[in-house]
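Trainee: First the structure, then my questions, so here it is.
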Amino acid sequence: MSAPATMSDCSMPLGEFVAAGHLSNARLRFNDRAAIGAENGCLSSGSNEGDVSNEGDVRALHATRLALMLAREMARLDEDSVDASSLQLDHFSVRLQQRGEAAANNDPVGEDGDDDLDSMVAAIFGDPDEDERQQDAGVAPGAAIRPSTASEIMTVLGVDFDPASVLNNGSLSLPQSSLPLLQILGNHLLAIYSRGDGQTTLSLITQSIEPRREEASERHPPKQPALEGSSAFAALLESGEHPTSVCRLLADLVDPTAERPLRSFDDAIRDLEQMAALPQIFLFDPGSDFFASPVHFGQRCYGRAAELTTLLALPARLDPSRGPSSVDKVEVALVSGVAGSGKTILVHNFGSFLEGLGWTVFRATFEREREHSSREIVASLFEELVAHVVIDAERGQRAIEAISEALDRESLASLANFIPSIRDLFPGVDGDSPLLAEAEVSHWQLFILLSKLLGVLLTLDHRMMICLDNLQWCDGSTIELIKELIGCAGQGRQNILFVGMYRDDEVDGTHPLAGQVAALRNDNGVRLTQVKLSSLPKEDIADMIMSELRLPRRLVLGLGDVVHKKTSGHALFVVQVLNSLVRDSTIAFSPRKRRFDWDETKITSLKTLDSVASLIVANLSSLQPEALQSLRILSCFGVQCNLSLLEYISGPFVPEKGIGSYLPDLAKAGVVEESGPSIFFAHDLIQQRVYNHIPVEERMRLHLDLGTAIAVKIGLDSSISKQSLEAAVEGLILDDESCDGLSYPLVAIATNQVNLAGPKSVSERSQQIQFARWNLRAGNDAKKRTNFQAALHYYKSGMQFLGGDELWAEDSSQLCHDLHEGAALAMFAMGGCELASEQASIIIDHVAFEDSLRAQYIRIRSLDSLGRYEECVSTGLDVLRRLEFDIPTEPNPADVIKTLRATANAASAYSFDQLTTVSEITDSKKRDTYKIAEGLIVGCYRSASPSTPLVACAFANHSLKHGICDQTAVAYMLLGYLRMSLEGKWVEGKHWGSVVLRMLEKAKYRTLSMSRMDTMCTMYVNVMYYPFTITAFRLLKLYERQMALGDVESAYHSLTFHLTISLYGGENLSLLQNSMVELVGSMVKHSKEGAKLALSNLLLVDCLMGNSEREFPDLDGIYDERTLLADSQVKTNVRLVEEIHTRRFIAAFWMGDYAEALKCSKEIEALPSFRMHKIQLVFHSFFLGLISFQRYRDGEGEQWLEGGKKALEKMEVWAVCCPQSFENKWRLLEAECFASNCHVRAAKNAYERSILTARGHGLVHEMALAFEMYGKYLQSIVELPAATEAYQSAHTFYVQWGATAKAERLRKEHNLEVQHGLSGLGDAGSTKRKA
């Protein structure tokens, strides 16, 4: 049975407490707030005696904490003007709390839940070499004190002056003393440290030590110089009873002749606080190595307590125990400041602390003038992330299974191009995803796959911090990728933290990072914390000096002030100045003073260079020439370099002993640091100054030598020659280039070196061509890894080597062609369509037509993406005609119908299996031809070109003759679509829809064409044969599949169509509105043209719901529907023009404004795209038919009756195609026709059948419409109660649909009483019985 939890408070005279030996009790505890101080909580190591095991150290620490309490109490008496000059130890009492062991375990005194952040900061400010120093002091690292056998634990709560101990007859009477008050404090502290009885004085100790000192010096001459300063310091130190820091404090308190006598209680208290808070640094004597090893500043975090506290709040907020509201956002921190302000070391220490708590920290650093390598840096980070998770024995198999479940084989193959280690984890994944050949999907495919991968890894109970340094040097597309990953991968998770660092003086309003930071700030799913580092104040510089030199603050304040004045507090400058003072022995250990010493006057007078850069260069001048040359070579590779790369560097420019032999000295000098397989410059400013200090000519020559040496070692030229031969023999094209196993990083490194040398460094034509080929190879390799930014950089660099005038010379024509083609493709992939079009035009102008087909395709696609549809169509038609496609220049309707029929007849000769069997097209010209035809069709469709049917027929005939490929599905779909639209061949349309679906099933999304085709076929053909619910579901699944493949454009079109069909199918408008708002917001970032189309549907929903205050997103000057229509008309985007007029027509119909609806209808019918069938046309015919019958019954003329009958006939045909979608509409038009012809009974039956059919198919909105039309008819035949009942039911179902504006208009128009509950179904039955 455990002991009862007992607790009692008591007090004891201070002298008696010390004399009793309680300070040696390992089980003694102190109230940290009282023993260290609230203001120093952040400096506390957060540990009690558990960090100390040596009995002497235990007593010294306890004595220091007790001494601090006494000093504070005496300072309080001094402030209260109490004469304490003659007080003895026993005039003070120690407040104690005695607790049984159970109570001590259950209710530890001094622990405060609010101190969590203080403890975290303290851990970061702690000494990183603490374990080593404990060993030097004879303390086992991490060992705990063996507790005494006593069952009670005492906790010291405080020290108080006890007036009762000196009261005489009711008044305070103290014997007078001539000693200064600080000396009295010194004597009291000496008694505490010396186990005294409260009467020990310094003079007694000094007298007892002097004879022993003289006797010892006669027998053994001193090995160390005699101690300078006060004899009190020497006497205390030679007694061997106290740490040096205690001896210095006591001597400076009691001896006026001391080196730095204490002048105030504040100084004494501050010394004691430092010793109590960080005893390993400021109390205990360091090991023997401390003074023998050179001091090196800058290895730890100094000051910045406020900034660290801000950062430490982030993991605290991610603690799920604080409630769900604490993890509802992604935590992102951005740390900014000028170069050398200490951003990296601050975040590094923060990360190291989190690692101690079980977090895993992943770090990546972007480099100056290497923005093109940004994507590779992110790839390396993910390589490390995957490797870390999988290596974990506990989670590895679980991680592999989770990744396999989230990503199919095709997705893994695509991801392997970015993260090669995926192939090692999943054997059989070849990393050769077919879709990846389509450059325009690769960027978004990568983003989606990385989001999924990160999401999977975060489900494995890993707490991760992703740290990205020097974001100002990250390219724009990668910054966008990072921002999107933050938003998509981390939402709602409590185990990930993103921290970025950047130089704010290099990021202005036009920098890509500025826009992404603003986007993060406005993102509701992100909690952004921004920390700005300013210059170090004097206090932080003093902290740096006192921590490294292990001295009290009062001794270093003067030096800190001098350094601050010379450096203005610039963190790196401060570190460099202090290290230079140590190297020059201006700051050096003084054996006589037993501490580091310096001459402040001398330091003040020293001439300091005006900048940290100048100081860095000056400090490097002391290196031996071979070490400096090694450093120069390393600087050519940037801030960091893989150590294995040194094996590839050889030549006369390399020091004889090799670079590696000089690395230890460079590391010792603090210039470089080794970490794992890499060597780093201690700061990028050091690398920059070393690099810039190399003369320009020498630097160019050094880059050339390095690049050539590496290329020779890896056989780069022979590899390129072999690939060229294979391409010539096998007819391979750029996208299908075989991989020879040559390391991409080494190819890139060699190429980077010659690029840094630049075209001016070489004059021989053969060498210019050689280096251009290197760039082509590096660009192709980067493109295969989806790094289009790097690929574009290499392609452009290759062009620069070929020169302006000789760019298209005969000896480099093909090479120039390949470089321009690669650049055009990379530009298009990154969304630079204007530049891609220009680049493609350059190729077209310089090569033969048959060699320009790929450039033609890029230009056509670029023009389409830019919204220049007419130019896109004219360009594409010209190309196909030159390829001998039979497309008339001035087609007439008769020619179109004739061509359609001839093509259909030709296709009828092929069986279903023959039509759906796809051949593999290996000929590059044929493949490019098919791509051009497909790209042209997309442009024709958008612009409603009259050539669309002829292009589709020509493409279908070409495929039947030369081989069916994936793109042929586009021609099949259009053939069926056109036969439906122009000739009403609905059965044939269904046949071609089935053909396309079979091709899609076989292809399994092998190409981008198949992905797009599924959306188009579903929306324009198969929507007429399948219920709205099935069509909407298929489109939603298409969206998910296309997003997974990175085909974002098709995915958003699928989602737009899904919402459109859901709207026409009666989905709740409130839900649709939310989805549409989200869709438009997403599409603005990816496709503004697509966003405009989605916005049109949103405006229709707003109208029905009564929302007239829609704020438009950023669409380049478009702020309302009027400007949206004007923009689409200028760009000849006929499809969007038709969509806007159709929206206005439908809105006017629903709101009962038939005059406005008819006006919009005329606008629609005047468009060239009107005859082309689409689901909107079905509703146009339906609503126009209803209006026509109403106008006829209103006496407007016979022509309206004929118009209504035409709509009825169309709807009857469509009802046969898909009864679930169209039968209720046919029945309602039939009812209106009967009503117009005065067939009352037939009309009522038809209205009721329309209502019941709509109900059966879940079309709540059209059930409401049928009730409304029925009410109008009943009102016209003066059956007013029944009419009111029908209107009431219509109102009920409009409300259920969410069309509140429509419902309210109906209520006001017919003076309805709003009823709760749905009565419509009963109404339908009762009305029928009455009839």
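Quick note on naming: the chains in the structure tokens go A, B, ... in the order shown, residues restart at 1 in each chain, and ligands are numbered from 1 in order of appearance.
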Please identify which residues in segment 807-929 of chain A DSSP calls alpha helix (DSSP H) from the backbone, and express them as a ChimeraX atom specification.
Mentor: /A:813-829,833-846,853-865,869-882,893-907,912-916,924-929
Trainee: Taking the backbone alone, and naming residues the way the document does, which bits of segment 464-618 of chain A are strand (DSSP E) by DSSP, as a count of residues only?
Mentor: 27
Trainee: Residues within 12 Å of Leu471 of chain A, please, as a PyMOL selection string. Count only C-alpha atoms; anything in the same chain fewer than 4 positions from it doesn't count.
Mentor: chain A and resi 334-337+343-344+364-368+370-371+374+377-378+467+475-476+478-480+482-483+499-504+506-507+511-514+516-517
Trainee: Convert the current residue selection to file output with N, CA and C atoms, as a tab-separated table (two decimals), in the first residue's frame.
Mentor:
```
chain	number	residue	atom	x	y	z
A	334	LEU	N	6.61	31.90	-41.54
A	334	LEU	CA	7.58	32.50	-42.46
A	334	LEU	C	8.49	33.41	-41.65
A	335	VAL	N	9.78	33.12	-41.71
A	335	VAL	CA	10.78	33.89	-40.97
A	335	VAL	C	11.56	34.73	-41.98
A	336	SER	N	11.56	36.04	-41.81
A	336	SER	CA	12.21	36.92	-42.77
A	336	SER	C	13.24	37.80	-42.08
A	337	GLY	N	14.12	38.34	-42.88
A	337	GLY	CA	15.16	39.22	-42.38
A	337	GLY	C	16.21	39.40	-43.46
A	343	LYS	N	18.35	33.87	-39.53
A	343	LYS	CA	17.13	33.12	-39.80
A	343	LYS	C	17.39	31.61	-39.74
A	344	THR	N	18.44	31.19	-40.43
A	344	THR	CA	18.70	29.76	-40.56
A	344	THR	C	19.00	29.12	-39.21
A	364	ALA	N	15.35	21.84	-46.77
A	364	ALA	CA	15.79	22.07	-48.14
A	364	ALA	C	16.17	23.55	-48.26
A	365	THR	N	17.22	23.80	-49.04
A	365	THR	CA	17.71	25.16	-49.21
A	365	THR	C	17.84	25.49	-50.68
A	366	PHE	N	17.24	26.58	-51.08
A	366	PHE	CA	17.36	27.04	-52.46
A	366	PHE	C	18.61	27.92	-52.59
A	367	GLU	N	19.16	27.99	-53.82
A	367	GLU	CA	20.45	28.64	-53.99
A	367	GLU	C	20.38	29.80	-54.98
A	368	ARG	N	21.25	30.75	-54.75
A	368	ARG	CA	21.38	31.92	-55.59
A	368	ARG	C	21.77	31.52	-57.02
A	370	ARG	N	20.47	29.75	-59.11
A	370	ARG	CA	20.16	28.38	-59.49
A	370	ARG	C	18.65	28.13	-59.33
A	371	GLU	N	17.88	29.16	-59.69
A	371	GLU	CA	16.44	29.03	-59.57
A	371	GLU	C	15.91	27.86	-60.39
A	374	SER	N	15.19	24.58	-58.62
A	374	SER	CA	14.26	24.59	-57.47
A	374	SER	C	13.45	23.30	-57.40
A	377	ILE	N	15.33	20.46	-55.97
A	377	ILE	CA	15.52	20.57	-54.52
A	377	ILE	C	14.29	20.04	-53.79
A	378	VAL	N	13.10	20.39	-54.30
A	378	VAL	CA	11.87	19.86	-53.70
A	378	VAL	C	11.80	18.34	-53.88
A	467	CYS	N	11.03	22.38	-43.66
A	467	CYS	CA	11.71	23.65	-43.54
A	467	CYS	C	12.36	24.01	-44.87
A	475	ASP	N	12.13	29.38	-57.83
A	475	ASP	CA	11.42	29.86	-59.01
A	475	ASP	C	9.91	29.90	-58.77
A	476	GLY	N	9.24	30.72	-59.57
A	476	GLY	CA	7.83	31.00	-59.34
A	476	GLY	C	6.94	29.77	-59.38
A	478	THR	N	7.68	26.67	-58.73
A	478	THR	CA	7.90	25.82	-57.55
A	478	THR	C	7.31	26.45	-56.31
A	479	ILE	N	7.39	27.79	-56.20
A	479	ILE	CA	6.73	28.47	-55.07
A	479	ILE	C	5.23	28.19	-55.10
A	480	GLU	N	4.66	28.24	-56.29
A	480	GLU	CA	3.23	27.96	-56.42
A	480	GLU	C	2.93	26.52	-56.03
A	482	ILE	N	4.61	24.68	-53.93
A	482	ILE	CA	4.73	24.58	-52.47
A	482	ILE	C	3.48	25.13	-51.81
A	483	LYS	N	3.01	26.27	-52.30
A	483	LYS	CA	1.81	26.88	-51.71
A	483	LYS	C	0.59	25.97	-51.85
A	499	VAL	N	7.69	25.63	-42.37
A	499	VAL	CA	8.44	26.83	-41.99
A	499	VAL	C	9.29	27.25	-43.18
A	500	GLY	N	9.16	28.49	-43.59
A	500	GLY	CA	9.94	29.03	-44.69
A	500	GLY	C	10.75	30.23	-44.24
A	501	MET	N	11.90	30.44	-44.88
A	501	MET	CA	12.76	31.58	-44.58
A	501	MET	C	13.09	32.31	-45.87
A	502	TYR	N	13.15	33.62	-45.78
A	502	TYR	CA	13.51	34.38	-46.97
A	502	TYR	C	14.07	35.74	-46.57
A	503	ARG	N	14.81	36.33	-47.50
A	503	ARG	CA	15.39	37.65	-47.29
A	503	ARG	C	14.39	38.70	-47.76
A	504	ASP	N	13.86	39.44	-46.82
A	504	ASP	CA	12.79	40.37	-47.18
A	504	ASP	C	13.30	41.54	-48.01
A	506	GLU	N	15.13	41.23	-50.53
A	506	GLU	CA	15.24	40.76	-51.91
A	506	GLU	C	13.87	40.36	-52.47
A	507	VAL	N	12.82	40.62	-51.73
A	507	VAL	CA	11.45	40.26	-52.16
A	507	VAL	C	10.60	41.52	-52.19
A	511	HIS	N	7.87	40.14	-56.82
A	511	HIS	CA	8.48	38.82	-56.65
A	511	HIS	C	7.38	37.76	-56.51
A	512	PRO	N	7.56	36.58	-57.13
A	512	PRO	CA	6.52	35.53	-57.02
A	512	PRO	C	6.19	35.17	-55.58
A	513	LEU	N	7.18	35.24	-54.70
A	513	LEU	CA	6.93	34.88	-53.30
A	513	LEU	C	5.94	35.83	-52.65
A	514	ALA	N	5.98	37.11	-53.02
A	514	ALA	CA	5.09	38.09	-52.41
A	514	ALA	C	3.63	37.73	-52.67
A	516	GLN	N	2.40	34.73	-53.33
A	516	GLN	CA	2.02	33.50	-52.63
A	516	GLN	C	1.86	33.74	-51.12
A	517	VAL	N	2.68	34.63	-50.56
A	517	VAL	CA	2.52	34.98	-49.14
A	517	VAL	C	1.16	35.64	-48.93
```
Trainee: Could you tell me how far atom CA of Ser1108 of chain A sits from atom CA of Leu1072 of chain A, in Å to one decimal place?
Mentor: 16.5 Å
Trainee: If we count only C-alpha atoms, what is near segment 699-706 of chain A at a cut-off of 7 Å, once residues fewer than 2 positions away on the same chain are taken out, given as a PyMOL selection string?
Mentor: chain A and resi 636+649+694-697+708-710+753-754+756-757+761
Trainee: Residues as selected, N, CA, C and O atoms, written as an mmCIF file, in the first residue's frame, can you do that?
Mentor:
```
data_model
loop_
_atom_site.group_PDB
_atom_site.id
_atom_site.type_symbol
_atom_site.label_atom_id
_atom_site.label_comp_id
_atom_site.auth_asym_id
_atom_site.auth_seq_id
_atom_site.Cartn_x
_atom_site.Cartn_y
_atom_site.Cartn_z
ATOM 1 N N CYS A 636 32.384 27.357 -56.648
ATOM 2 C CA CYS A 636 31.826 27.268 -58.000
ATOM 3 C C CYS A 636 30.597 26.363 -58.061
ATOM 4 O O CYS A 636 29.825 26.418 -59.029
ATOM 5 N N ILE A 649 36.595 15.425 -59.870
ATOM 6 C CA ILE A 649 37.325 16.662 -60.144
ATOM 7 C C ILE A 649 38.823 16.379 -60.140
ATOM 8 O O ILE A 649 39.388 15.974 -59.113
ATOM 9 N N ILE A 694 37.016 35.813 -56.903
ATOM 10 C CA ILE A 694 37.829 35.205 -57.960
ATOM 11 C C ILE A 694 37.782 36.144 -59.169
ATOM 12 O O ILE A 694 36.692 36.522 -59.615
ATOM 13 N N PRO A 695 38.930 36.503 -59.747
ATOM 14 C CA PRO A 695 38.908 37.352 -60.949
ATOM 15 C C PRO A 695 38.037 36.741 -62.043
ATOM 16 O O PRO A 695 37.974 35.523 -62.186
ATOM 17 N N VAL A 696 37.354 37.581 -62.807
ATOM 18 C CA VAL A 696 36.361 37.112 -63.771
ATOM 19 C C VAL A 696 36.942 36.117 -64.756
ATOM 20 O O VAL A 696 36.373 35.040 -64.990
ATOM 21 N N GLU A 697 38.093 36.434 -65.340
ATOM 22 C CA GLU A 697 38.691 35.532 -66.324
ATOM 23 C C GLU A 697 39.044 34.193 -65.701
ATOM 24 O O GLU A 697 38.809 33.128 -66.277
ATOM 25 N N THR A 708 34.297 20.381 -67.841
ATOM 26 C CA THR A 708 34.954 19.435 -68.753
ATOM 27 C C THR A 708 35.463 18.220 -67.998
ATOM 28 O O THR A 708 35.331 17.080 -68.479
ATOM 29 N N ALA A 709 36.048 18.440 -66.817
ATOM 30 C CA ALA A 709 36.582 17.318 -66.031
ATOM 31 C C ALA A 709 35.477 16.336 -65.658
ATOM 32 O O ALA A 709 35.632 15.113 -65.779
ATOM 33 N N ILE A 710 34.349 16.859 -65.220
ATOM 34 C CA ILE A 710 33.230 15.978 -64.828
ATOM 35 C C ILE A 710 32.667 15.276 -66.050
ATOM 36 O O ILE A 710 32.372 14.064 -66.009
ATOM 37 N N GLN A 753 28.231 24.010 -64.969
ATOM 38 C CA GLN A 753 29.549 24.644 -64.904
ATOM 39 C C GLN A 753 29.876 25.395 -66.201
ATOM 40 O O GLN A 753 30.335 26.534 -66.164
ATOM 41 N N VAL A 754 29.650 24.764 -67.343
ATOM 42 C CA VAL A 754 29.956 25.472 -68.594
ATOM 43 C C VAL A 754 28.982 26.610 -68.821
ATOM 44 O O VAL A 754 29.342 27.634 -69.416
ATOM 45 N N LEU A 756 27.785 28.504 -66.439
ATOM 46 C CA LEU A 756 28.263 29.586 -65.591
ATOM 47 C C LEU A 756 29.475 30.280 -66.220
ATOM 48 O O LEU A 756 29.680 31.481 -66.033
ATOM 49 N N ALA A 757 30.263 29.517 -66.962
ATOM 50 C CA ALA A 757 31.351 30.138 -67.709
ATOM 51 C C ALA A 757 30.793 31.037 -68.802
ATOM 52 O O ALA A 757 31.317 32.124 -69.055
ATOM 53 N N SER A 761 33.083 32.486 -72.965
ATOM 54 C CA SER A 761 34.286 31.775 -72.529
ATOM 55 C C SER A 761 34.845 30.854 -73.610
ATOM 56 O O SER A 761 35.948 30.334 -73.456
#
```
Trainee: Give me, please, the distance in Å between atom CA of Val762 of chain A and atom CA of Phe801 of chain A, quoted to one decimal.
Mentor: 8.5 Å
Trainee: Find the residues near Glu850 of chain A: any atom within 9 Å, counting only C-alpha atoms, skip ones fewer than 2 places away on the same chain, and give them as a list in words.
Mentor: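 Counting only C-alpha atoms, the residues come to Val847, Ala848, Ser852, Leu853, Leu883 and Lys925 of chain A.
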Trainee: Name all residues at most 9 Å from segment 1164-1167 of chain A (count only C-alpha atoms; drop same-chain ones fewer than 4 positions away) and give them as a PDB file with N, CA, C and O atoms, in the first residue's frame.
Mentor:
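Saved the output as result.pdb:
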```pdb
ATOM      1  N   ALA A 944     -17.131  27.690 -82.718  1.00  0.00           N
ATOM      2  CA  ALA A 944     -18.282  27.301 -83.539  1.00  0.00           C
ATOM      3  C   ALA A 944     -17.975  27.492 -85.021  1.00  0.00           C
ATOM      4  O   ALA A 944     -18.796  28.006 -85.787  1.00  0.00           O
ATOM      5  N   VAL A1134     -17.565  31.736 -79.175  1.00  0.00           N
ATOM      6  CA  VAL A1134     -18.989  31.607 -79.449  1.00  0.00           C
ATOM      7  C   VAL A1134     -19.672  30.732 -78.403  1.00  0.00           C
ATOM      8  O   VAL A1134     -20.827  30.967 -78.028  1.00  0.00           O
ATOM      9  N   VAL A1137     -20.430  32.893 -75.472  1.00  0.00           N
ATOM     10  CA  VAL A1137     -21.494  33.833 -75.832  1.00  0.00           C
ATOM     11  C   VAL A1137     -22.851  33.142 -75.770  1.00  0.00           C
ATOM     12  O   VAL A1137     -23.821  33.664 -75.205  1.00  0.00           O
ATOM     13  N   GLU A1138     -22.910  31.941 -76.357  1.00  0.00           N
ATOM     14  CA  GLU A1138     -24.160  31.188 -76.335  1.00  0.00           C
ATOM     15  C   GLU A1138     -24.551  30.828 -74.903  1.00  0.00           C
ATOM     16  O   GLU A1138     -25.733  30.895 -74.527  1.00  0.00           O
ATOM     17  N   GLU A1139     -23.563  30.478 -74.074  1.00  0.00           N
ATOM     18  CA  GLU A1139     -23.837  30.103 -72.683  1.00  0.00           C
ATOM     19  C   GLU A1139     -24.436  31.281 -71.918  1.00  0.00           C
ATOM     20  O   GLU A1139     -25.377  31.110 -71.131  1.00  0.00           O
ATOM     21  N   HIS A1141     -26.114  33.945 -73.160  1.00  0.00           N
ATOM     22  CA  HIS A1141     -27.479  34.217 -73.620  1.00  0.00           C
ATOM     23  C   HIS A1141     -28.440  33.125 -73.152  1.00  0.00           C
ATOM     24  O   HIS A1141     -29.599  33.415 -72.809  1.00  0.00           O
ATOM     25  N   THR A1142     -27.978  31.882 -73.129  1.00  0.00           N
ATOM     26  CA  THR A1142     -28.836  30.788 -72.653  1.00  0.00           C
ATOM     27  C   THR A1142     -29.150  30.971 -71.174  1.00  0.00           C
ATOM     28  O   THR A1142     -30.286  30.740 -70.730  1.00  0.00           O
ATOM     29  N   PHE A1145     -31.750  33.572 -70.916  1.00  0.00           N
ATOM     30  CA  PHE A1145     -33.031  33.048 -71.383  1.00  0.00           C
ATOM     31  C   PHE A1145     -33.694  32.194 -70.298  1.00  0.00           C
ATOM     32  O   PHE A1145     -34.883  32.368 -69.980  1.00  0.00           O
ATOM     33  N   CYS A1160     -33.846  37.011 -75.611  1.00  0.00           N
ATOM     34  CA  CYS A1160     -32.604  36.225 -75.481  1.00  0.00           C
ATOM     35  C   CYS A1160     -32.602  35.054 -76.452  1.00  0.00           C
ATOM     36  O   CYS A1160     -31.550  34.679 -76.990  1.00  0.00           O
ATOM     37  N   ARG A1171     -27.343  25.389 -84.133  1.00  0.00           N
ATOM     38  CA  ARG A1171     -27.818  24.093 -84.626  1.00  0.00           C
ATOM     39  C   ARG A1171     -27.077  22.918 -84.004  1.00  0.00           C
ATOM     40  O   ARG A1171     -27.528  21.778 -84.129  1.00  0.00           O
TER      41      ARG A1171
END
```
Trainee: Using only C-alpha atoms, find the one residue out of A:Arg927, A:Arg1227, A:Arg595, A:His62 that sits nearest to Ala1266 of chain A.
Mentor: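 Among A:Arg927, A:Arg1227, A:Arg595, A:His62, it is A:Arg1227 that comes nearest to Ala1266 of chain A.
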Trainee: For the atom pair atom CA of Val896 of chain A and atom CA of Ser981 of chain A, what is the interatomic distance in Å to one decimal place?
Mentor: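 Here the two named atoms are 12.2 Å from each other.
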